[in-house]
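Undergrad: For reference, this is run35.pdb, and it has PDB, C-alpha atoms and all ligand atoms.
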```
MODEL        1
ATOM      1  CA  MET A   1     -11.038   4.738 -20.735
ATOM      2  CA  GLU A   2      -7.444   4.530 -19.696
ATOM      3  CA  VAL A   3      -5.549   4.154 -16.434
ATOM      4  CA  ARG A   4      -1.934   5.308 -16.182
ATOM      5  CA  ILE A   5       0.031   3.634 -13.409
ATOM      6  CA  CYS A   6       3.295   5.010 -12.062
ATOM      7  CA  TYR A   7       5.399   2.157 -10.651
ATOM      8  CA  LEU A   8       8.024   3.812  -8.458
ATOM      9  CA  TYR A   9      11.477   2.284  -7.961
ATOM     10  CA  PRO A  10      10.500  -1.166  -9.353
ATOM     11  CA  GLU A  11      14.050  -2.474  -9.319
ATOM     12  CA  MET A  12      14.806  -1.616  -5.708
ATOM     13  CA  MET A  13      11.388  -1.675  -4.049
ATOM     14  CA  SER A  14       9.548  -4.930  -4.838
ATOM     15  CA  LEU A  15       9.742  -7.515  -2.061
ATOM     16  CA  TYR A  16       7.558 -10.608  -1.545
ATOM     17  CA  GLY A  17       5.671 -10.323  -4.791
ATOM     18  CA  ASP A  18       4.867  -6.604  -4.488
ATOM     19  CA  ARG A  19       5.027  -6.395  -8.303
ATOM     20  CA  GLY A  20       1.865  -8.538  -8.276
ATOM     21  CA  ASN A  21      -0.043  -5.499  -7.025
ATOM     22  CA  VAL A  22       0.600  -3.733 -10.311
ATOM     23  CA  LEU A  23      -0.362  -6.879 -12.246
ATOM     24  CA  ALA A  24      -3.641  -7.114 -10.306
ATOM     25  CA  LEU A  25      -4.507  -3.497 -11.118
ATOM     26  CA  VAL A  26      -3.650  -4.046 -14.786
ATOM     27  CA  ARG A  27      -5.738  -7.243 -15.084
ATOM     28  CA  ARG A  28      -8.754  -5.914 -13.179
ATOM     29  CA  ALA A  29      -8.813  -2.846 -15.438
ATOM     30  CA  GLU A  30      -8.282  -4.814 -18.658
ATOM     31  CA  TRP A  31     -11.002  -7.336 -17.771
ATOM     32  CA  ARG A  32     -13.381  -4.357 -17.883
ATOM     33  CA  GLY A  33     -12.085  -3.119 -21.206
ATOM     34  CA  ILE A  34     -10.058  -0.295 -19.649
ATOM     35  CA  ALA A  35      -6.666   0.309 -21.264
ATOM     36  CA  VAL A  36      -3.657   0.448 -18.923
ATOM     37  CA  VAL A  37      -0.263   2.067 -19.267
ATOM     38  CA  VAL A  38       2.422   1.252 -16.683
ATOM     39  CA  GLU A  39       5.431   3.555 -16.458
ATOM     40  CA  GLU A  40       8.388   2.643 -14.292
ATOM     41  CA  VAL A  41      10.109   5.553 -12.575
ATOM     42  CA  GLY A  42      13.453   5.228 -10.830
ATOM     43  CA  VAL A  43      16.083   7.287  -9.062
ATOM     44  CA  GLY A  44      17.003  10.511 -10.846
ATOM     45  CA  GLU A  45      13.916  10.579 -13.035
ATOM     46  CA  ALA A  46      11.747  13.634 -12.717
ATOM     47  CA  THR A  47       8.071  12.897 -12.429
ATOM     48  CA  ASP A  48       4.970  14.918 -13.018
ATOM     49  CA  PHE A  49       2.585  12.860 -10.900
ATOM     50  CA  SER A  50      -0.445  14.749 -12.152
ATOM     51  CA  ARG A  51      -0.062  12.726 -15.403
ATOM     52  CA  TYR A  52      -0.842   9.490 -13.553
ATOM     53  CA  ASP A  53      -4.014   7.871 -12.260
ATOM     54  CA  ILE A  54      -2.400   5.545  -9.681
ATOM     55  CA  ALA A  55       1.048   5.473  -8.074
ATOM     56  CA  PHE A  56       2.581   2.363  -6.487
ATOM     57  CA  VAL A  57       5.714   1.739  -4.444
ATOM     58  CA  GLY A  58       6.621  -1.601  -2.853
ATOM     59  CA  GLY A  59       8.824  -2.767  -0.014
ATOM     60  CA  GLY A  60      12.587  -2.901   0.262
ATOM     61  CA  GLN A  61      15.290  -3.664   2.762
ATOM     62  CA  ASP A  62      17.037  -0.859   4.648
ATOM     63  CA  ARG A  63      19.864  -0.998   2.086
ATOM     64  CA  GLU A  64      17.533  -0.299  -0.860
ATOM     65  CA  GLN A  65      15.594   2.270   1.131
ATOM     66  CA  ALA A  66      18.816   4.168   1.797
ATOM     67  CA  LEU A  67      19.487   4.240  -1.951
ATOM     68  CA  ILE A  68      16.164   5.852  -2.843
ATOM     69  CA  ALA A  69      15.263   7.905   0.265
ATOM     70  CA  GLU A  70      17.031  11.118  -0.802
ATOM     71  CA  ASP A  71      15.544  10.951  -4.295
ATOM     72  CA  PHE A  72      12.057  10.197  -2.951
ATOM     73  CA  ALA A  73      12.068  12.825  -0.206
ATOM     74  CA  ARG A  74      13.780  15.578  -2.210
ATOM     75  CA  ARG A  75      13.227  15.091  -5.918
ATOM     76  CA  LYS A  76       9.754  13.516  -6.031
ATOM     77  CA  ARG A  77       8.253  14.902  -2.832
ATOM     78  CA  GLU A  78       6.664  18.140  -3.979
ATOM     79  CA  ASP A  79       5.007  16.753  -7.105
ATOM     80  CA  LEU A  80       3.776  13.668  -5.279
ATOM     81  CA  LEU A  81       2.282  15.649  -2.382
ATOM     82  CA  ALA A  82       0.534  18.002  -4.800
ATOM     83  CA  ALA A  83      -0.945  15.112  -6.802
ATOM     84  CA  VAL A  84      -2.144  13.213  -3.708
ATOM     85  CA  GLU A  85      -3.629  16.450  -2.380
ATOM     86  CA  GLU A  86      -5.814  16.671  -5.483
ATOM     87  CA  GLY A  87      -6.827  12.997  -5.283
ATOM     88  CA  LEU A  88      -4.149  10.775  -6.857
ATOM     89  CA  PRO A  89      -4.659   7.216  -5.553
ATOM     90  CA  LEU A  90      -1.461   5.698  -4.225
ATOM     91  CA  LEU A  91      -0.522   2.354  -2.679
ATOM     92  CA  ALA A  92       2.698   2.017  -0.691
ATOM     93  CA  VAL A  93       3.840  -1.248   0.888
ATOM     94  CA  CYS A  94       6.202  -1.722   3.842
ATOM     95  CA  GLY A  95       9.537  -0.066   2.966
ATOM     96  CA  GLY A  96       7.706   2.296   0.593
ATOM     97  CA  TYR A  97       5.109   3.045   3.279
ATOM     98  CA  GLN A  98       7.850   3.808   5.803
ATOM     99  CA  LEU A  99       9.428   6.340   3.435
ATOM    100  CA  LEU A 100       6.114   8.149   2.981
ATOM    101  CA  GLY A 101       6.123   9.053   6.674
ATOM    102  CA  ARG A 102       8.325  11.743   8.197
ATOM    103  CA  PHE A 103      11.432   9.583   8.639
ATOM    104  CA  TYR A 104      12.692   6.030   9.124
ATOM    105  CA  ARG A 105      15.426   5.418  11.687
ATOM    106  CA  THR A 106      17.216   2.178  10.749
ATOM    107  CA  ALA A 107      18.689  -0.385  13.152
ATOM    108  CA  ASP A 108      22.142   1.215  12.833
ATOM    109  CA  GLY A 109      20.768   4.630  13.753
ATOM    110  CA  GLN A 110      20.722   6.157  10.281
ATOM    111  CA  GLU A 111      17.784   8.516   9.834
ATOM    112  CA  LEU A 112      16.349   8.271   6.334
ATOM    113  CA  PRO A 113      14.263  11.279   5.318
ATOM    114  CA  GLY A 114      10.607  10.637   4.486
ATOM    115  CA  VAL A 115       8.234  12.281   2.022
ATOM    116  CA  GLY A 116       5.937  13.407   4.860
ATOM    117  CA  LEU A 117       2.752  12.366   3.094
ATOM    118  CA  PHE A 118       1.589  10.490   6.202
ATOM    119  CA  ASP A 119       1.831  12.013   9.679
ATOM    120  CA  ALA A 120       3.823   8.980  10.820
ATOM    121  CA  TRP A 121       7.384   7.989  11.691
ATOM    122  CA  THR A 122       9.222   4.685  11.862
ATOM    123  CA  VAL A 123      11.959   3.403  14.142
ATOM    124  CA  ALA A 124      13.632   0.001  13.668
ATOM    125  CA  GLY A 125      13.323  -2.384  16.604
ATOM    126  CA  ALA A 126      13.758  -6.034  17.502
ATOM    127  CA  PRO A 127      12.555  -8.656  17.008
ATOM    128  CA  ARG A 128      11.304  -8.416  13.432
ATOM    129  CA  LEU A 129       7.538  -8.484  13.178
ATOM    130  CA  ILE A 130       6.783 -11.418  10.883
ATOM    131  CA  GLY A 131       3.670 -13.381   9.989
ATOM    132  CA  ASN A 132       0.216 -13.528   8.467
ATOM    133  CA  VAL A 133      -2.022 -10.555   9.132
ATOM    134  CA  VAL A 134      -5.756  -9.935   9.161
ATOM    135  CA  VAL A 135      -6.964  -6.353   9.434
ATOM    136  CA  GLU A 136     -10.476  -4.996   9.739
ATOM    137  CA  SER A 137     -10.796  -1.788   7.739
ATOM    138  CA  ASP A 138     -13.440   0.944   7.475
ATOM    139  CA  LEU A 139     -12.022   2.174   4.182
ATOM    140  CA  PHE A 140     -14.867   0.759   2.113
ATOM    141  CA  PRO A 141     -18.138   2.647   1.662
ATOM    142  CA  GLU A 142     -20.147  -0.595   1.828
ATOM    143  CA  GLY A 143     -18.953  -1.231   5.404
ATOM    144  CA  PRO A 144     -16.039  -2.820   7.266
ATOM    145  CA  ARG A 145     -14.053  -5.488   5.466
ATOM    146  CA  THR A 146     -11.066  -7.679   6.189
ATOM    147  CA  ILE A 147      -7.752  -7.078   4.457
ATOM    148  CA  VAL A 148      -5.222  -9.940   4.500
ATOM    149  CA  GLY A 149      -1.503 -10.175   3.881
ATOM    150  CA  PHE A 150       1.933 -11.046   5.180
ATOM    151  CA  GLU A 151       4.248  -8.779   7.164
ATOM    152  CA  ASN A 152       8.009  -8.868   7.721
ATOM    153  CA  HIS A 153       9.504  -5.672   9.111
ATOM    154  CA  ALA A 154      11.879  -4.398  11.751
ATOM    155  CA  GLY A 155      10.448  -0.883  11.599
ATOM    156  CA  ARG A 156       7.806   0.198  14.090
ATOM    157  CA  THR A 157       5.537   2.854  12.626
ATOM    158  CA  TYR A 158       3.694   5.308  14.860
ATOM    159  CA  LEU A 159       0.863   7.488  13.624
ATOM    160  CA  GLY A 160       0.586  11.147  14.613
ATOM    161  CA  ALA A 161      -2.687  12.941  15.212
ATOM    162  CA  GLY A 162      -2.933  13.825  11.510
ATOM    163  CA  ALA A 163      -2.860  10.210  10.310
ATOM    164  CA  LYS A 164      -5.744   7.778   9.994
ATOM    165  CA  PRO A 165      -4.964   4.040  10.178
ATOM    166  CA  LEU A 166      -5.962   1.687   7.362
ATOM    167  CA  GLY A 167      -7.507  -0.630   9.918
ATOM    168  CA  ARG A 168      -7.357  -2.484  13.186
ATOM    169  CA  VAL A 169      -5.230  -5.605  13.530
ATOM    170  CA  VAL A 170      -7.251  -8.785  14.125
ATOM    171  CA  VAL A 171      -4.300 -11.174  13.744
ATOM    172  CA  GLY A 172      -0.652 -10.089  13.470
ATOM    173  CA  HIS A 173       1.434  -7.077  14.522
ATOM    174  CA  GLY A 174       0.597  -4.222  12.117
ATOM    175  CA  ASN A 175       2.270  -0.834  12.427
ATOM    176  CA  ASN A 176       4.217  -1.476  15.612
ATOM    177  CA  GLY A 177       2.850  -4.507  17.481
ATOM    178  CA  GLU A 178       1.669  -2.263  20.322
ATOM    179  CA  ASP A 179      -1.264  -0.036  19.482
ATOM    180  CA  GLY A 180      -3.293  -2.423  17.304
ATOM    181  CA  TRP A 181      -3.295  -0.265  14.169
ATOM    182  CA  GLU A 182      -2.220  -1.221  10.678
ATOM    183  CA  GLY A 183      -1.286   1.097   7.837
ATOM    184  CA  ALA A 184      -2.264   4.679   7.144
ATOM    185  CA  VAL A 185      -4.679   6.486   4.845
ATOM    186  CA  TYR A 186      -4.573  10.061   3.610
ATOM    187  CA  LYS A 187      -7.108  11.095   0.948
ATOM    188  CA  ASN A 188      -6.721   8.344  -1.706
ATOM    189  CA  ALA A 189      -3.252   7.288  -0.536
ATOM    190  CA  VAL A 190      -2.884   4.013   1.363
ATOM    191  CA  GLY A 191       0.235   2.811   3.191
ATOM    192  CA  THR A 192       0.421  -0.702   4.607
ATOM    193  CA  TYR A 193       2.826  -3.359   5.847
ATOM    194  CA  LEU A 194       0.997  -6.075   3.930
ATOM    195  CA  HIS A 195       2.839  -7.976   1.223
ATOM    196  CA  GLY A 196       1.679 -11.117  -0.441
ATOM    197  CA  PRO A 197       1.132  -9.498  -2.931
ATOM    198  CA  LEU A 198      -1.739  -7.618  -1.376
ATOM    199  CA  LEU A 199      -4.157  -6.800  -4.190
ATOM    200  CA  PRO A 200      -4.792 -10.228  -5.814
ATOM    201  CA  LYS A 201      -6.313 -11.554  -2.583
ATOM    202  CA  ASN A 202      -7.934  -8.270  -1.589
ATOM    203  CA  PRO A 203      -9.888  -7.445  -4.753
ATOM    204  CA  ALA A 204     -12.022  -4.885  -2.899
ATOM    205  CA  LEU A 205      -8.916  -2.818  -2.206
ATOM    206  CA  ALA A 206      -7.758  -3.129  -5.822
ATOM    207  CA  ASP A 207     -11.158  -1.881  -6.989
ATOM    208  CA  TRP A 208     -11.140   0.900  -4.384
ATOM    209  CA  LEU A 209      -7.946   2.226  -6.010
ATOM    210  CA  LEU A 210      -9.301   1.785  -9.550
ATOM    211  CA  ARG A 211     -12.585   3.480  -8.620
ATOM    212  CA  ALA A 212     -10.759   6.463  -7.131
ATOM    213  CA  ALA A 213      -8.529   6.637 -10.213
ATOM    214  CA  LEU A 214     -11.405   6.575 -12.692
ATOM    215  CA  ALA A 215     -13.558   8.963 -10.646
ATOM    216  CA  ARG A 216     -10.708  11.492 -10.574
ATOM    217  CA  ARG A 217     -10.280  11.374 -14.345
ATOM    218  CA  TYR A 218     -13.816  10.655 -15.648
ATOM    219  CA  GLY A 219     -16.196  11.515 -12.792
ATOM    220  CA  ARG A 220     -17.864   9.252 -10.253
ATOM    221  CA  GLU A 221     -20.793   8.132 -12.394
ATOM    222  CA  ASP A 222     -18.671   6.952 -15.327
ATOM    223  CA  ALA A 223     -16.251   5.298 -12.896
ATOM    224  CA  GLU A 224     -19.066   3.254 -11.348
ATOM    225  CA  ALA A 225     -20.408   2.298 -14.770
ATOM    226  CA  ALA A 226     -16.957   1.194 -15.962
ATOM    227  CA  LEU A 227     -16.230  -0.986 -12.931
ATOM    228  CA  ALA A 228     -18.445  -3.923 -13.822
ATOM    229  CA  ARG A 229     -18.554  -6.655 -11.202
ATOM    230  CA  LEU A 230     -16.043  -9.417 -11.828
ATOM    231  CA  ASP A 231     -16.301 -13.071 -10.879
ATOM    232  CA  ASP A 232     -14.008 -12.976  -7.853
ATOM    233  CA  ALA A 233     -14.687 -16.544  -6.637
ATOM    234  CA  ILE A 234     -10.980 -17.479  -6.769
ATOM    235  CA  GLU A 235      -9.836 -14.186  -5.241
ATOM    236  CA  GLU A 236     -12.377 -14.483  -2.427
ATOM    237  CA  GLU A 237     -11.297 -18.078  -1.748
ATOM    238  CA  ALA A 238      -7.657 -16.923  -1.571
ATOM    239  CA  HIS A 239      -8.792 -14.222   0.874
ATOM    240  CA  ARG A 240     -10.626 -16.726   3.064
ATOM    241  CA  ALA A 241      -7.679 -19.150   2.941
ATOM    242  CA  ALA A 242      -5.371 -16.351   4.143
ATOM    243  CA  ILE A 243      -7.728 -15.658   7.068
ATOM    244  CA  ARG A 244      -7.828 -19.372   7.964
ATOM    245  CA  ARG A 245      -4.024 -19.628   7.831
ATOM    246  CA  ALA A 246      -3.578 -16.506   9.955
ATOM    247  CA  GLN A 247      -6.047 -17.805  12.532
ATOM    248  CA  GLU A 248      -4.236 -21.144  12.667
ATOM    249  CA  THR A 249      -0.888 -19.452  13.377
ATOM    250  CA  ALA A 250      -2.589 -17.288  15.999
ATOM    251  CA  ALA A 251      -4.108 -20.380  17.620
ATOM    252  CA  ASN A 252      -0.638 -21.970  17.679
ATOM    253  CA  GLY A 253       0.635 -19.277  19.986
ATOM    254  CA  ALA A 254       1.580 -16.418  17.695
ATOM    255  CA  VAL A 255       0.155 -12.944  18.273
ATOM    256  CA  ARG A 256      -3.520 -12.379  18.351
ATOM    257  CA  ARG A 257      -5.703  -9.394  19.055
ATOM    258  CA  SER A 258      -9.422  -9.237  19.298
ATOM    259  CA  VAL A 259     -11.398  -6.480  17.618
TER
HETATM  260  N1  LIG B   1      13.479  -2.415   5.838
HETATM  261  C1  LIG B   1      12.202  -2.269   6.397
HETATM  262  C2  LIG B   1      12.018  -2.994   7.721
HETATM  263  O1  LIG B   1      12.540  -4.097   7.932
HETATM  264  C3  LIG B   1      11.162  -2.696   5.371
HETATM  265  C4  LIG B   1      11.180  -4.151   5.037
HETATM  266  C5  LIG B   1      10.150  -4.501   4.015
HETATM  267  O2  LIG B   1       9.818  -3.699   3.125
HETATM  268  N2  LIG B   1       9.655  -5.734   4.080
HETATM  269  O3  LIG B   1      11.337  -2.453   8.569
ENDMDL
END
```
Once more with this new file: its structure as structure tokens, please.
TA:
Amino acid sequence: MEVRICYLYPEMMSLYGDRGNVLALVRRAEWRGIAVVVEEVGVGEATDFSRYDIAFVGGGQDREQALIAEDFARRKREDLLAAVEEGLPLLAVCGGYQLLGRFYRTADGQELPGVGLFDAWTVAGAPRLIGNVVVESDLFPEGPRTIVGFENHAGRTYLGAGAKPLGRVVVGHGNNGEDGWEGAVYKNAVGTYLHGPLLPKNPALADWLLRAALARRYGREDAEAALARLDDAIEEEAHRAAIRRAQETAANGAVRRSV
């Protein structure tokens, strides 16, 4: 078996260890004997997304977002939407997530075009929303699970009626610090504000992406058989430590929401 990963705009969109998400996918596949190919795709490069099994785009500052927004929303849009429509798993973090909505209006009023994959839009505000985050998500078939990470964004993202959130904020700000939602999901595409990187300490989410990727290419039964259980003791401890740290900051007066 093989998994082909498309790493979009790696030079401009990789804040706070976002590259580690790709490494986590690569390792978790290789530990199960699945071969992995990672292809980096930048501005100006045409992309047939149907060739890939997973796409990833990380976060970036407004400056980097401005440099890629036209290319993303014009040159890559159609192929990406078509591939996601027929099941391509995708993970987009922060700046990348913002550009998958309809638009992102920056602090200086510039409106960057979005891909329109998520029925969502983002407007920069103040103060920046910064800190450790715990989300409770219904994404997983085995039941609700926590997802942990770190957020640092000026943009406030609002979901339209056509968008489903990734989860509900337990600690932190999430999409906009107002409505209690974090991230967005459409088919097998996930957008989130969570850096960290996200996948090493949320192995269930990494495997959710790998499972969707393998099921799309090889069928559900073979995907399940290929995804042998790994010893995730260290990953789970990192996950629990992130929850403890987030709860400590919440107890010290930072934001907190109850589920
Ligand atoms: N520039 C965006 C914001 O501040 C995204 C930042 C990021 O990717 N961390 O909202």
Undergrad: Translate the PyMOL selection byres (((not hetatm)) within 9 of (chain B and resi 1)), as applied to the file shown, into an explicit residue set as a ChimeraX atom specification.
TA: /A:13-16,58-65,93-98,104,106-107,122-125,128-129,151-157,193-195
Undergrad: For each of A:Glu111, A:Asp48, A:Glu224, A:Glu2, take the minimum atom-to-atom distance to Ala69 of chain A, counting only C-alpha atoms, then give the residue where this is smallest.
TA: A:Glu111
Undergrad: Could you tell me how far atom CA of Pro165 of chain A sits from atom CA of Ala250 of chain A, in Å to one decimal place?
TA: 22.2 Å
Undergrad: Can you turn the PyMOL selection byres (((chain A and resi 197) around 6) and not hetatm) into a concrete residue list for this file, as a PDB file with C-alpha atoms, keeping the file's coordinate frame?
TA:
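New file expr.pdb:
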```
ATOM      1  CA  GLY A  17       5.671 -10.323  -4.791  1.00  0.00           C
ATOM      2  CA  ASP A  18       4.867  -6.604  -4.488  1.00  0.00           C
ATOM      3  CA  GLY A  20       1.865  -8.538  -8.276  1.00  0.00           C
ATOM      4  CA  ASN A  21      -0.043  -5.499  -7.025  1.00  0.00           C
ATOM      5  CA  HIS A 195       2.839  -7.976   1.223  1.00  0.00           C
ATOM      6  CA  GLY A 196       1.679 -11.117  -0.441  1.00  0.00           C
ATOM      7  CA  LEU A 198      -1.739  -7.618  -1.376  1.00  0.00           C
TER       8      LEU A 198
END
```
Undergrad: Report, in Å with one decimal, the straight-line distance from atom CA of Pro200 of chain A to atom CA of Leu230 of chain A.
TA: 12.8 Å
Undergrad: Counting all atoms listed in the file, figure out which residue out of A:Ala66, A:Ala35, A:Leu214, A:Ala163 gets nearest to Pro113 of chain A.
TA: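 Residue with the minimum atom-to-atom distance to Pro113 of chain A: A:Ala66.
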Undergrad: Which residue gives the smallest distance to Gly177 of chain A among A:Gly131, A:Val84, A:Glu40, A:Pro89, with all atoms listed in the file counted?
TA: A:Gly131
Undergrad: Please list as a ChimeraX atom specification every residue within 7 Å of Ala223 of chain A, counting all atoms listed in the file and excluding residues in the same chain fewer than 5 positions away.
TA: /A:211,214-215,218
Undergrad: Take the residues from that selection and write them out as a short mmCIF file (atom, residue, chain, number, x, y, z; two decimals), in the coordinates of the input, keeping C-alpha atoms.
TA:
```
data_model
loop_
_atom_site.label_atom_id
_atom_site.label_comp_id
_atom_site.auth_asym_id
_atom_site.auth_seq_id
_atom_site.Cartn_x
_atom_site.Cartn_y
_atom_site.Cartn_z
CA ARG A 211 -12.58 3.48 -8.62
CA LEU A 214 -11.40 6.58 -12.69
CA ALA A 215 -13.56 8.96 -10.65
CA TYR A 218 -13.82 10.66 -15.65
#
```
Undergrad: Take atom CA of Phe140 of chain A and atom CA of Ile5 of chain A and report the distance between them in Å, one decimal.
TA: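 Separation between atom CA of Phe140 of chain A and atom CA of Ile5 of chain A: 21.7 Å.
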Undergrad: Neighbours of Tyr7 of chain A within 10 Å (all atoms listed in the file; same-chain residues fewer than 5 positions away dropped), as an MDAnalysis selection string?
TA: chainID A and resid 13 19 22 38:42 54:58 91
Undergrad: Identify the residues within 9 Å of coordinate (-10.7, -5.6, -7.6) (same frame as the file), considering all atoms listed in the file, and give the answer as a list in words.
TA: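 In the file's frame, the residues around the point are Ala24, Leu25, Arg28, Ala29, Leu199, Pro200, Lys201, Asn202, Pro203, Ala204, Leu205, Ala206, Asp207, Trp208, Leu209, Leu210, Leu227, Arg229, Leu230, Asp232 and Glu235 of chain A.
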Undergrad: For each of A:Cys6, A:Val170, A:Val133, A:Ala189, take the minimum atom-to-atom distance to Leu117 of chain A, counting all atoms listed in the file, then give the residue where this is smallest.
TA: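 Smallest separation from Leu117 of chain A among the options: A:Ala189.
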Undergrad: Name the closest residue to Gly162 of chain A among the candidates A:Arg220, A:Arg244, A:Arg32, A:Lys187; distances are taken between atoms, counting all atoms listed in the file.
TA: A:Lys187
Undergrad: Just so the selection is clear, what residues does the PyMOL selection byres (((chain A and resi 145) around 10) and not hetatm) cover here, as a list in words?
TA: Val135, Glu136, Ser137, Asp138, Leu139, Phe140, Pro141, Glu142, Gly143, Pro144, Thr146, Ile147, Val148, Gly167, Asn202, Ala204 and Leu205 of chain A
Undergrad: As JSON, please report the centre and edge lengths, rounded to one decimal in Å, of the axis-aligned box that holds all listed atoms of segment 106-111 of chain A with 5 Å of padding on each of the six sides.
TA:
```
{"center_x": 19.7, "center_y": 4.1, "center_z": 11.8, "size_x": 14.9, "size_y": 18.9, "size_z": 13.9}
```
Undergrad: When distances are computed from only C-alpha atoms, which of A:Ser50, A:Ala228, A:Tyr186, A:Asn175 shows the smallest separation from Gly116 of chain A?
TA: A:Tyr186
Undergrad: Extract, using all atoms listed in the file, all DNA, RNA and protein residues at most 8 Å from Leu166 of chain A, discarding same-chain residues fewer than 4 positions from it, and format them as a list in words.
TA: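 Skipping anything fewer than 4 positions along the chain leaves Ser137, Asp138, Leu139, Trp181, Glu182, Gly183, Ala184, Val185, Val190, Gly191 and Thr192 of chain A.
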Undergrad: For segment 183-202 of chain A, supply N, CA and C atoms and format the output as a short mmCIF file (atom, residue, chain, number, x, y, z; two decimals), keeping the file's coordinate frame.
TA:
```cif
data_model
loop_
_atom_site.label_atom_id
_atom_site.label_comp_id
_atom_site.auth_asym_id
_atom_site.auth_seq_id
_atom_site.Cartn_x
_atom_site.Cartn_y
_atom_site.Cartn_z
N GLY A 183 -1.25 0.24 9.01
CA GLY A 183 -1.29 1.10 7.84
C GLY A 183 -1.72 2.52 8.13
N ALA A 184 -1.84 3.28 7.05
CA ALA A 184 -2.26 4.68 7.14
C ALA A 184 -3.00 5.05 5.86
N VAL A 185 -3.93 6.00 6.00
CA VAL A 185 -4.68 6.49 4.84
C VAL A 185 -4.68 8.00 4.88
N TYR A 186 -4.40 8.61 3.75
CA TYR A 186 -4.57 10.06 3.61
C TYR A 186 -5.18 10.32 2.23
N LYS A 187 -6.37 10.91 2.21
CA LYS A 187 -7.11 11.10 0.95
C LYS A 187 -7.20 9.75 0.23
N ASN A 188 -6.66 9.63 -1.00
CA ASN A 188 -6.72 8.34 -1.71
C ASN A 188 -5.39 7.60 -1.65
N ALA A 189 -4.55 7.96 -0.69
CA ALA A 189 -3.25 7.29 -0.54
C ALA A 189 -3.32 6.30 0.62
N VAL A 190 -2.85 5.07 0.36
CA VAL A 190 -2.88 4.01 1.36
C VAL A 190 -1.46 3.49 1.58
N GLY A 191 -1.03 3.45 2.83
CA GLY A 191 0.24 2.81 3.19
C GLY A 191 -0.07 1.61 4.04
N THR A 192 0.69 0.53 3.85
CA THR A 192 0.42 -0.70 4.61
C THR A 192 1.68 -1.54 4.72
N TYR A 193 1.73 -2.40 5.73
CA TYR A 193 2.83 -3.36 5.85
C TYR A 193 2.56 -4.65 5.08
N LEU A 194 1.41 -4.77 4.47
CA LEU A 194 1.00 -6.08 3.93
C LEU A 194 1.54 -6.38 2.54
N HIS A 195 2.35 -7.44 2.50
CA HIS A 195 2.84 -7.98 1.22
C HIS A 195 1.95 -9.16 0.84
N GLY A 196 2.40 -9.87 -0.18
CA GLY A 196 1.68 -11.12 -0.44
C GLY A 196 1.73 -11.65 -1.85
N PRO A 197 1.52 -10.91 -2.89
CA PRO A 197 1.13 -9.50 -2.93
C PRO A 197 -0.27 -9.26 -2.36
N LEU A 198 -0.53 -8.02 -2.09
CA LEU A 198 -1.74 -7.62 -1.38
C LEU A 198 -3.00 -7.65 -2.25
N LEU A 199 -2.93 -7.06 -3.43
CA LEU A 199 -4.16 -6.80 -4.19
C LEU A 199 -4.83 -8.05 -4.79
N PRO A 200 -4.08 -9.07 -5.25
CA PRO A 200 -4.79 -10.23 -5.81
C PRO A 200 -5.74 -10.89 -4.83
N LYS A 201 -5.39 -10.90 -3.53
CA LYS A 201 -6.31 -11.55 -2.58
C LYS A 201 -7.14 -10.56 -1.78
N ASN A 202 -7.05 -9.30 -2.16
CA ASN A 202 -7.93 -8.27 -1.59
C ASN A 202 -8.54 -7.47 -2.74
#
```
